file target_11.txt (compact mmCIF, C-alpha atoms (C1' of nucleotides))
# COMPACT_ATOMS: atom_id res chain seq x y z
CA MET A 1 -18.74 -124.42 -76.67
CA SER A 2 -22.11 -122.89 -76.09
CA ALA A 3 -23.97 -126.14 -76.42
CA ASN A 4 -27.24 -126.18 -78.14
CA SER A 5 -30.43 -128.06 -77.46
CA ARG A 6 -31.88 -127.75 -80.96
CA LEU A 7 -30.89 -131.23 -82.09
CA THR A 8 -32.28 -132.73 -78.89
CA LEU A 9 -35.53 -130.84 -79.20
CA ALA A 10 -35.97 -131.72 -82.87
CA ALA A 11 -35.38 -135.41 -82.17
CA HIS A 12 -37.90 -135.17 -79.35
CA ALA A 13 -40.53 -133.71 -81.67
CA LEU A 14 -39.93 -136.28 -84.41
CA ALA A 15 -40.08 -139.19 -81.98
CA TRP A 16 -43.28 -137.79 -80.51
CA ILE A 17 -44.98 -137.42 -83.89
CA GLY A 18 -43.79 -140.86 -84.95
CA LEU A 19 -45.13 -142.56 -81.85
CA TYR A 20 -48.40 -140.64 -82.04
CA GLN A 21 -48.93 -141.71 -85.63
CA ARG A 22 -48.26 -145.34 -84.71
CA GLN A 23 -51.05 -145.01 -82.21
CA GLY A 24 -53.39 -144.29 -85.12
CA HIS A 25 -53.51 -140.49 -85.19
CA GLU A 26 -53.12 -138.51 -88.38
CA VAL A 27 -51.44 -135.34 -87.21
CA ALA A 28 -49.88 -133.92 -84.07
CA THR A 29 -50.27 -130.31 -82.97
CA SER A 30 -47.48 -128.05 -81.85
CA GLU A 31 -49.37 -127.64 -78.61
CA GLN A 32 -49.18 -131.34 -77.83
CA ILE A 33 -45.49 -131.57 -78.62
CA ALA A 34 -44.76 -128.42 -76.64
CA THR A 35 -46.48 -129.93 -73.62
CA SER A 36 -44.32 -133.03 -73.84
CA ALA A 37 -41.16 -130.98 -74.27
CA ASN A 38 -42.22 -128.48 -71.62
CA THR A 39 -41.80 -125.45 -73.84
CA ASN A 40 -43.82 -123.02 -75.93
CA PRO A 41 -45.75 -124.10 -79.04
CA VAL A 42 -44.12 -121.35 -81.09
CA VAL A 43 -40.70 -122.79 -80.38
CA ILE A 44 -41.91 -126.12 -81.73
CA ARG A 45 -43.48 -124.54 -84.80
CA ARG A 46 -40.27 -122.69 -85.63
CA LEU A 47 -38.20 -125.83 -85.25
CA LEU A 48 -40.61 -128.02 -87.23
CA GLY A 49 -40.65 -125.35 -89.90
CA GLU A 50 -36.94 -125.96 -90.44
CA LEU A 51 -37.54 -129.69 -90.55
CA ARG A 52 -40.25 -129.14 -93.15
CA ARG A 53 -37.85 -127.17 -95.32
CA ALA A 54 -35.56 -130.19 -95.13
CA GLY A 55 -38.39 -132.50 -96.20
CA LEU A 56 -38.67 -134.40 -92.94
CA VAL A 57 -42.17 -133.35 -91.90
CA GLU A 58 -45.30 -131.89 -93.43
CA SER A 59 -47.89 -129.57 -91.99
CA ARG A 60 -51.56 -129.01 -92.61
CA ARG A 61 -53.51 -125.89 -91.81
CA GLY A 62 -57.09 -125.19 -90.96
CA VAL A 63 -59.24 -127.02 -88.45
CA GLY A 64 -57.81 -130.39 -87.46
CA ALA A 65 -54.44 -129.18 -88.68
CA GLY A 66 -51.05 -130.27 -87.41
CA TRP A 67 -47.82 -132.02 -88.27
CA SER A 68 -47.03 -135.39 -89.75
CA LEU A 69 -43.90 -137.23 -90.85
CA ALA A 70 -42.92 -136.86 -94.49
CA ARG A 71 -40.82 -140.03 -94.37
CA GLU A 72 -40.52 -143.05 -92.15
CA LEU A 73 -38.49 -142.61 -88.98
CA ARG A 74 -36.31 -145.45 -90.19
CA SER A 75 -35.17 -143.38 -93.17
CA MET A 76 -34.22 -140.28 -91.16
CA THR A 77 -30.89 -139.94 -89.39
CA LEU A 78 -29.59 -137.54 -86.79
CA LEU A 79 -27.46 -136.09 -89.58
CA ASP A 80 -30.59 -135.12 -91.53
CA VAL A 81 -31.91 -133.38 -88.45
CA TYR A 82 -28.56 -131.81 -87.61
CA GLU A 83 -28.22 -130.32 -91.06
CA ALA A 84 -31.77 -129.02 -90.90
CA VAL A 85 -31.37 -127.17 -87.61
CA GLU A 86 -27.64 -126.41 -87.28
CA PRO A 87 -26.39 -124.52 -90.32
CA GLY A 88 -23.03 -123.28 -89.10
CA PRO A 89 -19.70 -125.05 -88.78
CA LEU A 90 -18.67 -126.74 -85.55
CA PHE A 91 -15.51 -124.67 -85.05
CA ALA A 92 -15.13 -121.06 -86.08
CA MET A 93 -12.16 -119.11 -87.35
CA HIS A 94 -10.94 -115.89 -85.74
CA ARG A 95 -13.46 -113.08 -85.45
CA THR A 96 -11.04 -110.69 -87.09
CA THR A 97 -8.57 -111.76 -89.76
CA PRO A 98 -5.12 -112.41 -88.28
CA ASP A 99 -2.07 -110.38 -89.27
CA GLN A 100 -1.30 -111.59 -92.79
CA GLY A 101 2.20 -110.22 -92.49
CA CYS A 102 2.95 -112.79 -89.80
CA VAL A 103 3.79 -116.33 -90.90
CA VAL A 104 1.51 -117.86 -88.31
CA GLY A 105 -1.24 -115.33 -88.85
CA HIS A 106 -1.13 -116.06 -92.54
CA GLY A 107 -1.08 -119.85 -92.40
CA ILE A 108 -3.24 -120.61 -89.40
CA GLN A 109 -6.65 -120.40 -91.04
CA PRO A 110 -6.00 -122.73 -93.99
CA ALA A 111 -4.28 -125.14 -91.63
CA MET A 112 -7.13 -125.27 -89.13
CA GLN A 113 -9.70 -125.35 -91.90
CA GLY A 114 -8.12 -128.50 -93.21
CA PHE A 115 -8.22 -130.24 -89.84
CA TYR A 116 -11.74 -129.07 -89.09
CA GLU A 117 -13.12 -130.36 -92.36
CA GLY A 118 -11.88 -133.84 -91.61
CA ILE A 119 -13.24 -133.75 -88.08
CA GLU A 120 -16.64 -132.47 -89.13
CA GLU A 121 -16.83 -135.14 -91.79
CA THR A 122 -16.29 -137.76 -89.11
CA LEU A 123 -18.94 -136.13 -86.94
CA ARG A 124 -21.41 -136.22 -89.79
CA HIS A 125 -20.68 -139.86 -90.41
CA GLU A 126 -21.37 -140.65 -86.77
CA LEU A 127 -24.61 -138.70 -86.84
CA SER A 128 -25.68 -140.53 -89.97
CA ARG A 129 -25.38 -143.86 -88.20
CA VAL A 130 -28.28 -143.11 -85.85
CA THR A 131 -31.79 -143.22 -87.30
CA LEU A 132 -34.81 -141.65 -85.66
CA GLU A 133 -36.13 -145.19 -85.44
CA ASN A 134 -33.15 -145.96 -83.21
CA VAL A 135 -33.98 -142.90 -81.15
CA LEU A 136 -37.61 -143.93 -80.65
CA ARG A 137 -36.57 -147.46 -79.78
CA ASP A 138 -34.21 -146.23 -77.07
CA VAL A 139 -36.80 -143.75 -75.83
CA LEU A 140 -39.28 -146.57 -75.30
CA ALA A 141 -36.60 -148.75 -73.74
CA ALA A 142 -35.87 -146.26 -70.97
CA PRO A 143 -36.59 -147.68 -67.50
CA ARG A 144 -39.55 -146.02 -65.88
CA MET B 1 -24.50 -124.32 -83.27
CA SER B 2 -22.96 -121.14 -82.00
CA ALA B 3 -19.51 -121.91 -83.26
CA ASN B 4 -16.58 -120.90 -81.20
CA SER B 5 -13.17 -119.57 -82.10
CA ARG B 6 -11.46 -120.51 -78.84
CA LEU B 7 -9.85 -123.67 -80.17
CA THR B 8 -8.61 -121.82 -83.25
CA LEU B 9 -7.21 -118.97 -81.21
CA ALA B 10 -5.51 -121.29 -78.72
CA ALA B 11 -3.89 -123.26 -81.52
CA HIS B 12 -2.75 -119.99 -83.06
CA ALA B 13 -1.10 -118.90 -79.81
CA LEU B 14 0.63 -122.23 -79.26
CA ALA B 15 1.95 -122.36 -82.81
CA TRP B 16 3.19 -118.79 -82.47
CA ILE B 17 5.04 -119.48 -79.21
CA GLY B 18 6.48 -122.70 -80.61
CA LEU B 19 7.81 -121.04 -83.73
CA TYR B 20 9.18 -118.10 -81.77
CA GLN B 21 11.05 -120.39 -79.44
CA ARG B 22 12.53 -122.29 -82.38
CA GLN B 23 13.88 -118.98 -83.56
CA GLY B 24 15.87 -118.81 -80.34
CA HIS B 25 13.68 -116.69 -78.09
CA GLU B 26 12.94 -117.65 -74.52
CA VAL B 27 9.46 -116.26 -74.00
CA ALA B 28 6.69 -114.65 -76.00
CA THR B 29 4.54 -111.81 -74.71
CA SER B 30 0.78 -111.64 -74.90
CA GLU B 31 1.23 -108.41 -76.82
CA GLN B 32 3.15 -110.12 -79.61
CA ILE B 33 0.66 -112.95 -79.90
CA ALA B 34 -2.25 -110.53 -79.82
CA THR B 35 -0.74 -108.59 -82.69
CA SER B 36 -0.46 -111.74 -84.77
CA ALA B 37 -4.01 -112.80 -83.93
CA ASN B 38 -5.32 -109.27 -84.35
CA THR B 39 -6.97 -109.11 -80.97
CA ASN B 40 -6.41 -107.72 -77.48
CA PRO B 41 -3.57 -108.92 -75.21
CA VAL B 42 -6.00 -109.56 -72.37
CA VAL B 43 -7.90 -112.05 -74.53
CA ILE B 44 -4.64 -113.90 -75.10
CA ARG B 45 -3.70 -113.83 -71.43
CA ARG B 46 -7.06 -115.25 -70.43
CA LEU B 47 -6.84 -118.02 -72.96
CA LEU B 48 -3.23 -118.89 -72.14
CA GLY B 49 -4.20 -118.91 -68.47
CA GLU B 50 -6.53 -121.81 -69.23
CA LEU B 51 -3.78 -123.58 -71.15
CA ARG B 52 -1.47 -123.09 -68.19
CA ARG B 53 -3.99 -124.71 -65.87
CA ALA B 54 -3.94 -127.65 -68.26
CA GLY B 55 -0.16 -127.81 -68.11
CA LEU B 56 0.48 -126.83 -71.71
CA VAL B 57 2.27 -123.51 -71.19
CA GLU B 58 4.11 -121.65 -68.45
CA SER B 59 4.36 -117.95 -67.69
CA ARG B 60 6.97 -115.77 -66.07
CA ARG B 61 6.38 -112.40 -64.49
CA GLY B 62 8.50 -109.33 -64.00
CA VAL B 63 10.67 -107.62 -66.57
CA GLY B 64 11.37 -109.80 -69.58
CA ALA B 65 8.36 -111.88 -68.67
CA GLY B 66 6.13 -113.84 -71.03
CA TRP B 67 4.93 -117.25 -72.06
CA SER B 68 6.72 -120.44 -72.99
CA LEU B 69 5.70 -123.98 -73.84
CA ALA B 70 5.57 -126.46 -70.97
CA ARG B 71 5.85 -129.42 -73.34
CA GLU B 72 6.97 -130.02 -76.89
CA LEU B 73 4.43 -129.21 -79.60
CA ARG B 74 4.75 -132.78 -80.74
CA SER B 75 3.31 -134.04 -77.46
CA MET B 76 0.24 -131.76 -77.48
CA THR B 77 -2.90 -132.62 -79.43
CA LEU B 78 -5.95 -130.61 -80.37
CA LEU B 79 -7.81 -132.71 -77.81
CA ASP B 80 -5.57 -131.37 -75.02
CA VAL B 81 -6.32 -127.85 -76.18
CA TYR B 82 -10.02 -128.56 -76.67
CA GLU B 83 -10.39 -129.91 -73.16
CA ALA B 84 -8.51 -126.94 -71.76
CA VAL B 85 -10.69 -124.30 -73.37
CA GLU B 86 -14.07 -125.97 -74.04
CA PRO B 87 -15.48 -127.44 -70.85
CA GLY B 88 -19.10 -128.06 -71.83
CA PRO B 89 -20.63 -130.88 -73.85
CA LEU B 90 -21.12 -130.60 -77.58
CA PHE B 91 -24.89 -131.12 -77.51
CA ALA B 92 -27.16 -129.97 -74.72
CA MET B 93 -30.33 -131.43 -73.30
CA HIS B 94 -33.60 -129.48 -73.02
CA ARG B 95 -33.47 -126.25 -71.05
CA THR B 96 -36.41 -127.36 -68.95
CA THR B 97 -37.05 -130.98 -68.03
CA PRO B 98 -39.59 -132.56 -70.37
CA ASP B 99 -42.94 -133.88 -69.14
CA GLN B 100 -42.00 -137.02 -67.23
CA GLY B 101 -45.58 -138.23 -67.49
CA CYS B 102 -45.16 -138.55 -71.27
CA VAL B 103 -43.40 -141.64 -72.59
CA VAL B 104 -41.28 -139.61 -74.98
CA GLY B 105 -40.64 -136.86 -72.48
CA HIS B 106 -39.46 -139.43 -70.02
CA GLY B 107 -37.21 -141.47 -72.27
CA ILE B 108 -35.74 -138.85 -74.60
CA GLN B 109 -32.93 -137.61 -72.39
CA PRO B 110 -31.34 -140.97 -71.53
CA ALA B 111 -31.69 -141.99 -75.17
CA MET B 112 -30.00 -138.88 -76.57
CA GLN B 113 -27.40 -138.94 -73.83
CA GLY B 114 -26.38 -142.39 -74.95
CA PHE B 115 -25.97 -141.36 -78.57
CA TYR B 116 -24.18 -138.13 -77.70
CA GLU B 117 -21.62 -139.88 -75.55
CA GLY B 118 -20.60 -142.12 -78.41
CA ILE B 119 -20.41 -139.23 -80.83
CA GLU B 120 -18.36 -137.06 -78.50
CA GLU B 121 -16.00 -139.92 -77.88
CA THR B 122 -15.43 -140.16 -81.63
CA LEU B 123 -14.87 -136.42 -81.82
CA ARG B 124 -12.29 -136.58 -79.06
CA HIS B 125 -10.51 -139.38 -80.83
CA GLU B 126 -10.32 -137.32 -84.01
CA LEU B 127 -9.00 -134.31 -82.11
CA SER B 128 -6.38 -136.46 -80.44
CA ARG B 129 -4.98 -137.45 -83.83
CA VAL B 130 -3.77 -133.93 -84.61
CA THR B 131 -0.70 -132.67 -82.76
CA LEU B 132 0.28 -129.04 -82.49
CA GLU B 133 3.39 -130.04 -84.39
CA ASN B 134 1.06 -131.02 -87.25
CA VAL B 135 -0.62 -127.65 -86.94
CA LEU B 136 2.64 -125.72 -87.12
CA ARG B 137 3.79 -127.80 -90.07
CA ASP B 138 0.63 -127.02 -92.01
CA VAL B 139 0.81 -123.37 -91.01
CA LEU B 140 4.28 -123.10 -92.50
CA ALA B 141 3.20 -125.05 -95.59
CA ALA B 142 0.49 -122.54 -96.50
CA PRO B 143 1.05 -120.91 -99.91
CA ARG B 144 1.86 -117.26 -99.60
C1' DG C 1 -69.18 -117.14 -90.84
C1' DA C 2 -67.07 -119.69 -86.62
C1' DT C 3 -63.35 -122.39 -85.18
C1' DG C 4 -58.79 -124.20 -84.50
C1' DT C 5 -54.23 -124.47 -86.01
C1' DC C 6 -50.34 -123.04 -88.53
C1' DG C 7 -46.99 -119.08 -89.98
C1' DT C 8 -44.46 -115.48 -88.62
C1' DA C 9 -43.22 -111.07 -86.86
C1' DA C 10 -41.90 -108.57 -82.81
C1' DC C 11 -40.01 -108.06 -78.45
C1' DC C 12 -37.73 -109.38 -74.09
C1' DG C 13 -34.45 -111.81 -70.94
C1' DT C 14 -30.53 -114.64 -70.45
C1' DT C 15 -26.17 -116.24 -71.63
C1' DA C 16 -21.59 -116.57 -73.81
C1' DG C 17 -17.92 -114.61 -75.83
C1' DC C 18 -14.89 -110.96 -77.06
C1' DG C 19 -12.94 -106.24 -76.61
C1' DT C 20 -11.38 -102.75 -73.59
C1' DT C 21 -9.77 -100.22 -69.52
C1' DA C 22 -7.74 -100.30 -65.28
C1' DC C 23 -4.78 -101.49 -61.73
C1' DG C 24 -2.36 -104.40 -58.51
C1' DA C 25 1.43 -108.10 -58.29
C1' DC C 26 5.71 -109.35 -59.44
C1' DA C 27 10.55 -109.75 -60.81
C1' DC C 28 14.39 -107.80 -62.82
C1' DC C 29 17.62 -103.92 -63.41
C1' DG C 30 20.31 -100.02 -62.74
C1' DC D 1 15.52 -99.04 -53.49
C1' DG D 2 12.80 -97.17 -57.02
C1' DG D 3 11.75 -97.65 -62.14
C1' DT D 4 10.13 -100.63 -65.66
C1' DG D 5 7.67 -104.07 -68.21
C1' DT D 6 4.72 -107.88 -68.09
C1' DC D 7 1.44 -110.88 -66.12
C1' DG D 8 -3.14 -111.60 -63.42
C1' DT D 9 -7.56 -110.38 -62.96
C1' DA D 10 -11.61 -107.69 -62.08
C1' DA D 11 -15.04 -104.82 -64.16
C1' DC D 12 -17.83 -103.18 -67.74
C1' DG D 13 -19.89 -102.81 -72.37
C1' DC D 14 -21.19 -104.66 -76.81
C1' DT D 15 -22.91 -108.12 -79.83
C1' DA D 16 -25.02 -112.37 -81.27
C1' DA D 17 -27.63 -116.46 -80.45
C1' DC D 18 -31.23 -118.69 -78.37
C1' DG D 19 -35.46 -119.55 -76.21
C1' DG D 20 -39.90 -117.77 -74.24
C1' DT D 21 -43.91 -115.02 -74.98
C1' DT D 22 -47.56 -112.31 -77.15
C1' DA D 23 -49.95 -111.16 -81.02
C1' DC D 24 -52.28 -111.55 -85.19
C1' DG D 25 -53.04 -112.78 -89.95
C1' DA D 26 -53.68 -116.98 -93.14
C1' DC D 27 -56.01 -120.90 -93.99
C1' DA D 28 -59.07 -124.97 -94.24
C1' DT D 29 -62.77 -127.34 -92.34
C1' DC D 30 -67.22 -127.40 -90.39
call {"tool": "encode", "arguments": {"input": "target_11.txt", "output": "structure tokens"}}
result
Amino acid sequence: MSANSRLTLAAHALAWIGLYQRQGHEVATSEQIATSANTNPVVIRRLLGELRRAGLVESRRGVGAGWSLARELRSMTLLDVYEAVEPGPLFAMHRTTPDQGCVVGHGIQPAMQGFYEGIEETLRHELSRVTLENVLRDVLAAPR
Amino acid sequence: MSANSRLTLAAHALAWIGLYQRQGHEVATSEQIATSANTNPVVIRRLLGELRRAGLVESRRGVGAGWSLARELRSMTLLDVYEAVEPGPLFAMHRTTPDQGCVVGHGIQPAMQGFYEGIEETLRHELSRVTLENVLRDVLAAPR
DNA sequence: GATGTCGTAACCGTTAGCGTTACGACACCG
DNA sequence: CGGTGTCGTAACGCTAACGGTTACGACATC
């Protein structure tokens, strides 16, 4: 599975904004977050743009612009973030449709689809059990 | 998430071999399986090679060669197949190490690692609940 | 207006996966 | 002992996804 760092990076950005706001600041800039994540500000803006579409963050433009949380960290879960940044399914079907004249080729996709739906539902449930507040707490609890 | 069809294709191949053997045949060729899956025989050989390393199938060479199951379908689970064909973790960390001088940059990886381990463990448990016998049963139960 | 930041397009490099060709290795058979 | 059919595997190309980078317009504040 070509693993993906989008969920990790999005959680990083949200935790950073949340902590920054608790320190009394209004908004965080993509530049600041990018420095913490050691990447490019555009990457952060693109990712936060998806989170904004999902209603997790807001942005302001103009001088003194930047990003702020749209909800409390406590009310966001990893599932919210996952759905915002990972649209596709976890497991894919064949690239080309199997031979429908073959019994296995005909039945394999509905069969696997059924199993995958159950598994993805469990995954979503697990993701929904972790709030971004939990993430920030564990981040701050890391030994230095 | 760049979804992957390897697990689907491997399950397809195993179900095909299992059914073929139940019909009285000794071995299945990569050509036959490739026809059912509508792909190239080399793709099947590569994939079955990984399943062989995991002890799920065996291969014979020479004339009348081909592939056969090393164990009963009932004793193989999707987890066995998943581990054989998907080595990497489900979620990745940052590509470049975050700024260790930043509190969030420093604590984010251990925090996410902890959550991810629990989630992947749950995923593995779900995968282990489905046997290839279950897969073949559902394949044959598909409406035509 | 000048400034600073977002918003977004465009392009490049890397990687993973799949499809394809090719050919040697191997075991059976006549 | 050579012919045959299949595996085993290397090599290459194509495509898609992702992240990094540059660039520049849009916008709001001063």
call {"tool": "closest_atom_pairs", "arguments": {"input": "target_11.txt", "of": "stretch 22-75 of chain A", "to": "stretch 1-21 of chain C", "cutoff": "9 Å", "atoms": "all atoms listed in the file", "output": "tab-separated table"}}
result
residue	atom	partner	partner_atom	distance
A:Thr29	CA	C:DT5	C1'	7.7
A:Ser30	CA	C:DT5	C1'	8.7
A:Arg45	CA	C:DC6	C1'	8.0
A:Arg46	CA	C:DG7	C1'	8.8
A:Gly49	CA	C:DG7	C1'	8.9
A:Ser59	CA	C:DC6	C1'	7.8
A:Arg60	CA	C:DC6	C1'	7.3
A:Arg61	CA	C:DC6	C1'	5.4
A:Gly62	CA	C:DT5	C1'	5.8
A:Val63	CA	C:DG4	C1'	4.9
A:Gly64	CA	C:DG4	C1'	6.9
A:Ala65	CA	C:DT5	C1'	5.4
A:Gly66	CA	C:DT5	C1'	6.8
call {"tool": "closest_atom_pairs", "arguments": {"input": "target_11.txt", "of": "chain B", "to": "chain A", "cutoff": "6 Å", "atoms": "all atoms listed in the file", "output": "CSV"}}
result
residue,atom,partner,partner_atom,distance
B:Met1,CA,A:Glu86,CA,5.5
B:Ala3,CA,A:Phe91,CA,5.2
B:Asn4,CA,A:Ala92,CA,5.1
B:Ser5,CA,A:Ala92,CA,4.7
B:Ser36,CA,A:Asp99,CA,5.0
B:Ala37,CA,A:Pro98,CA,4.5
B:Asn38,CA,A:Pro98,CA,5.0
B:Glu86,CA,A:Met1,CA,5.6
B:Leu90,CA,A:Ala3,CA,5.4
B:Phe91,CA,A:Ala3,CA,5.2
B:Ala92,CA,A:Ser5,CA,4.7
B:Met93,CA,A:Ser5,CA,5.4
B:His94,CA,A:Ser5,CA,5.6
B:Pro98,CA,A:Ala37,CA,4.5
B:Asp99,CA,A:Ser36,CA,5.0
B:Gly105,CA,A:Ser36,CA,5.5
B:Gly107,CA,A:Val139,CA,4.2
B:Ile108,CA,A:Val139,CA,5.2
B:Ala111,CA,A:Asp138,CA,5.3
B:Asp138,CA,A:Ala111,CA,5.3
B:Val139,CA,A:Gly107,CA,4.2
B:Ala142,CA,A:Gly107,CA,5.1
call {"tool": "atom_distance", "arguments": {"input": "target_11.txt", "atom1": "atom CA of A:Ala28", "atom2": "atom C1' of D:DC27"}}
result
17.5 Å
call {"tool": "closest_atom_pairs", "arguments": {"input": "target_11.txt", "of": "chain D", "to": "chain B", "cutoff": "8 Å", "atoms": "all atoms listed in the file", "output": "tab-separated table"}}
result
residue	atom	partner	partner_atom	distance
D:DT4	C1'	B:Val63	CA	7.1
D:DG5	C1'	B:Val63	CA	4.9
D:DT6	C1'	B:Ala65	CA	5.4
D:DC7	C1'	B:Arg61	CA	5.4
D:DA17	C1'	B:Ser2	CA	6.8
call {"tool": "atom_distance", "arguments": {"input": "target_11.txt", "atom1": "atom CA of B:Leu73", "atom2": "atom C1' of C:DA27"}}
result
27.7 Å
call {"tool": "calpha_fit_and_write", "arguments": {"input": "target_11.txt", "fixed": "chain A", "moving": "chain B", "output": "compact mmCIF listing (two decimals) with C-alpha atoms, in the frame of the given file"}}
result
# COMPACT_ATOMS: atom_id res chain seq x y z
CA MET B 1 -18.67 -124.43 -76.75
CA SER B 2 -22.07 -122.90 -76.29
CA ALA B 3 -23.94 -126.14 -76.51
CA ASN B 4 -27.24 -126.19 -78.23
CA SER B 5 -30.45 -128.05 -77.53
CA ARG B 6 -31.90 -127.74 -81.03
CA LEU B 7 -30.90 -131.22 -82.14
CA THR B 8 -32.29 -132.72 -78.94
CA LEU B 9 -35.55 -130.84 -79.24
CA ALA B 10 -35.98 -131.72 -82.91
CA ALA B 11 -35.38 -135.39 -82.19
CA HIS B 12 -37.90 -135.17 -79.37
CA ALA B 13 -40.55 -133.72 -81.69
CA LEU B 14 -39.95 -136.29 -84.41
CA ALA B 15 -40.09 -139.19 -81.98
CA TRP B 16 -43.28 -137.79 -80.50
CA ILE B 17 -45.00 -137.43 -83.88
CA GLY B 18 -43.81 -140.88 -84.94
CA LEU B 19 -45.14 -142.56 -81.83
CA TYR B 20 -48.42 -140.65 -82.01
CA GLN B 21 -48.96 -141.72 -85.58
CA ARG B 22 -48.27 -145.35 -84.68
CA GLN B 23 -51.06 -145.02 -82.16
CA GLY B 24 -53.39 -144.30 -85.06
CA HIS B 25 -53.52 -140.51 -85.13
CA GLU B 26 -53.16 -138.55 -88.33
CA VAL B 27 -51.48 -135.37 -87.16
CA ALA B 28 -49.91 -133.94 -84.04
CA THR B 29 -50.30 -130.33 -82.95
CA SER B 30 -47.50 -128.06 -81.85
CA GLU B 31 -49.38 -127.65 -78.59
CA GLN B 32 -49.18 -131.36 -77.80
CA ILE B 33 -45.49 -131.57 -78.62
CA ALA B 34 -44.78 -128.42 -76.65
CA THR B 35 -46.47 -129.91 -73.61
CA SER B 36 -44.30 -133.00 -73.83
CA ALA B 37 -41.14 -130.95 -74.30
CA ASN B 38 -42.20 -128.45 -71.65
CA THR B 39 -41.80 -125.42 -73.86
CA ASN B 40 -43.85 -123.00 -75.95
CA PRO B 41 -45.78 -124.09 -79.07
CA VAL B 42 -44.17 -121.34 -81.13
CA VAL B 43 -40.73 -122.79 -80.41
CA ILE B 44 -41.95 -126.12 -81.75
CA ARG B 45 -43.53 -124.55 -84.82
CA ARG B 46 -40.33 -122.72 -85.66
CA LEU B 47 -38.24 -125.82 -85.29
CA LEU B 48 -40.64 -128.03 -87.26
CA GLY B 49 -40.71 -125.35 -89.95
CA GLU B 50 -37.00 -125.96 -90.47
CA LEU B 51 -37.58 -129.71 -90.59
CA ARG B 52 -40.29 -129.15 -93.17
CA ARG B 53 -37.91 -127.18 -95.35
CA ALA B 54 -35.62 -130.20 -95.15
CA GLY B 55 -38.43 -132.50 -96.22
CA LEU B 56 -38.71 -134.41 -92.96
CA VAL B 57 -42.22 -133.37 -91.89
CA GLU B 58 -45.36 -131.90 -93.41
CA SER B 59 -47.98 -129.59 -91.95
CA ARG B 60 -51.65 -129.05 -92.58
CA ARG B 61 -53.61 -125.93 -91.77
CA GLY B 62 -57.20 -125.25 -90.89
CA VAL B 63 -59.32 -127.10 -88.37
CA GLY B 64 -57.86 -130.45 -87.40
CA ALA B 65 -54.50 -129.24 -88.62
CA GLY B 66 -51.09 -130.31 -87.37
CA TRP B 67 -47.86 -132.05 -88.23
CA SER B 68 -47.07 -135.42 -89.72
CA LEU B 69 -43.95 -137.23 -90.84
CA ALA B 70 -42.97 -136.88 -94.49
CA ARG B 71 -40.85 -140.03 -94.37
CA GLU B 72 -40.55 -143.07 -92.16
CA LEU B 73 -38.51 -142.63 -88.99
CA ARG B 74 -36.32 -145.44 -90.19
CA SER B 75 -35.19 -143.38 -93.18
CA MET B 76 -34.24 -140.27 -91.16
CA THR B 77 -30.89 -139.95 -89.40
CA LEU B 78 -29.59 -137.53 -86.83
CA LEU B 79 -27.46 -136.09 -89.62
CA ASP B 80 -30.61 -135.12 -91.57
CA VAL B 81 -31.92 -133.39 -88.48
CA TYR B 82 -28.57 -131.81 -87.66
CA GLU B 83 -28.24 -130.32 -91.11
CA ALA B 84 -31.80 -129.03 -90.95
CA VAL B 85 -31.39 -127.17 -87.68
CA GLU B 86 -27.65 -126.41 -87.34
CA PRO B 87 -26.39 -124.54 -90.38
CA GLY B 88 -23.05 -123.24 -89.14
CA PRO B 89 -19.71 -125.01 -88.80
CA LEU B 90 -18.68 -126.69 -85.59
CA PHE B 91 -15.51 -124.64 -85.09
CA ALA B 92 -15.11 -121.03 -86.12
CA MET B 93 -12.12 -119.10 -87.36
CA HIS B 94 -10.89 -115.87 -85.72
CA ARG B 95 -13.40 -113.05 -85.47
CA THR B 96 -10.95 -110.67 -87.09
CA THR B 97 -8.46 -111.75 -89.74
CA PRO B 98 -5.04 -112.41 -88.22
CA ASP B 99 -1.96 -110.39 -89.18
CA GLN B 100 -1.19 -111.60 -92.69
CA GLY B 101 2.33 -110.23 -92.37
CA CYS B 102 3.05 -112.83 -89.66
CA VAL B 103 3.89 -116.35 -90.78
CA VAL B 104 1.57 -117.89 -88.22
CA GLY B 105 -1.15 -115.34 -88.77
CA HIS B 106 -1.03 -116.06 -92.44
CA GLY B 107 -0.99 -119.84 -92.34
CA ILE B 108 -3.19 -120.63 -89.34
CA GLN B 109 -6.58 -120.39 -91.01
CA PRO B 110 -5.93 -122.72 -93.97
CA ALA B 111 -4.23 -125.15 -91.59
CA MET B 112 -7.10 -125.27 -89.10
CA GLN B 113 -9.65 -125.31 -91.88
CA GLY B 114 -8.07 -128.47 -93.20
CA PHE B 115 -8.21 -130.23 -89.84
CA TYR B 116 -11.73 -129.04 -89.09
CA GLU B 117 -13.09 -130.33 -92.37
CA GLY B 118 -11.86 -133.82 -91.62
CA ILE B 119 -13.23 -133.73 -88.10
CA GLU B 120 -16.63 -132.45 -89.17
CA GLU B 121 -16.82 -135.11 -91.83
CA THR B 122 -16.27 -137.73 -89.13
CA LEU B 123 -18.94 -136.12 -86.97
CA ARG B 124 -21.42 -136.20 -89.83
CA HIS B 125 -20.67 -139.84 -90.43
CA GLU B 126 -21.36 -140.64 -86.79
CA LEU B 127 -24.63 -138.70 -86.87
CA SER B 128 -25.68 -140.52 -90.01
CA ARG B 129 -25.38 -143.86 -88.21
CA VAL B 130 -28.28 -143.10 -85.86
CA THR B 131 -31.79 -143.22 -87.30
CA LEU B 132 -34.81 -141.67 -85.67
CA GLU B 133 -36.15 -145.20 -85.44
CA ASN B 134 -33.14 -145.95 -83.21
CA VAL B 135 -33.99 -142.90 -81.16
CA LEU B 136 -37.60 -143.92 -80.65
CA ARG B 137 -36.55 -147.45 -79.77
CA ASP B 138 -34.19 -146.21 -77.08
CA VAL B 139 -36.78 -143.74 -75.83
CA LEU B 140 -39.25 -146.56 -75.28
CA ALA B 141 -36.55 -148.74 -73.71
CA ALA B 142 -35.82 -146.23 -70.94
CA PRO B 143 -36.48 -147.62 -67.45
CA ARG B 144 -39.39 -145.93 -65.80
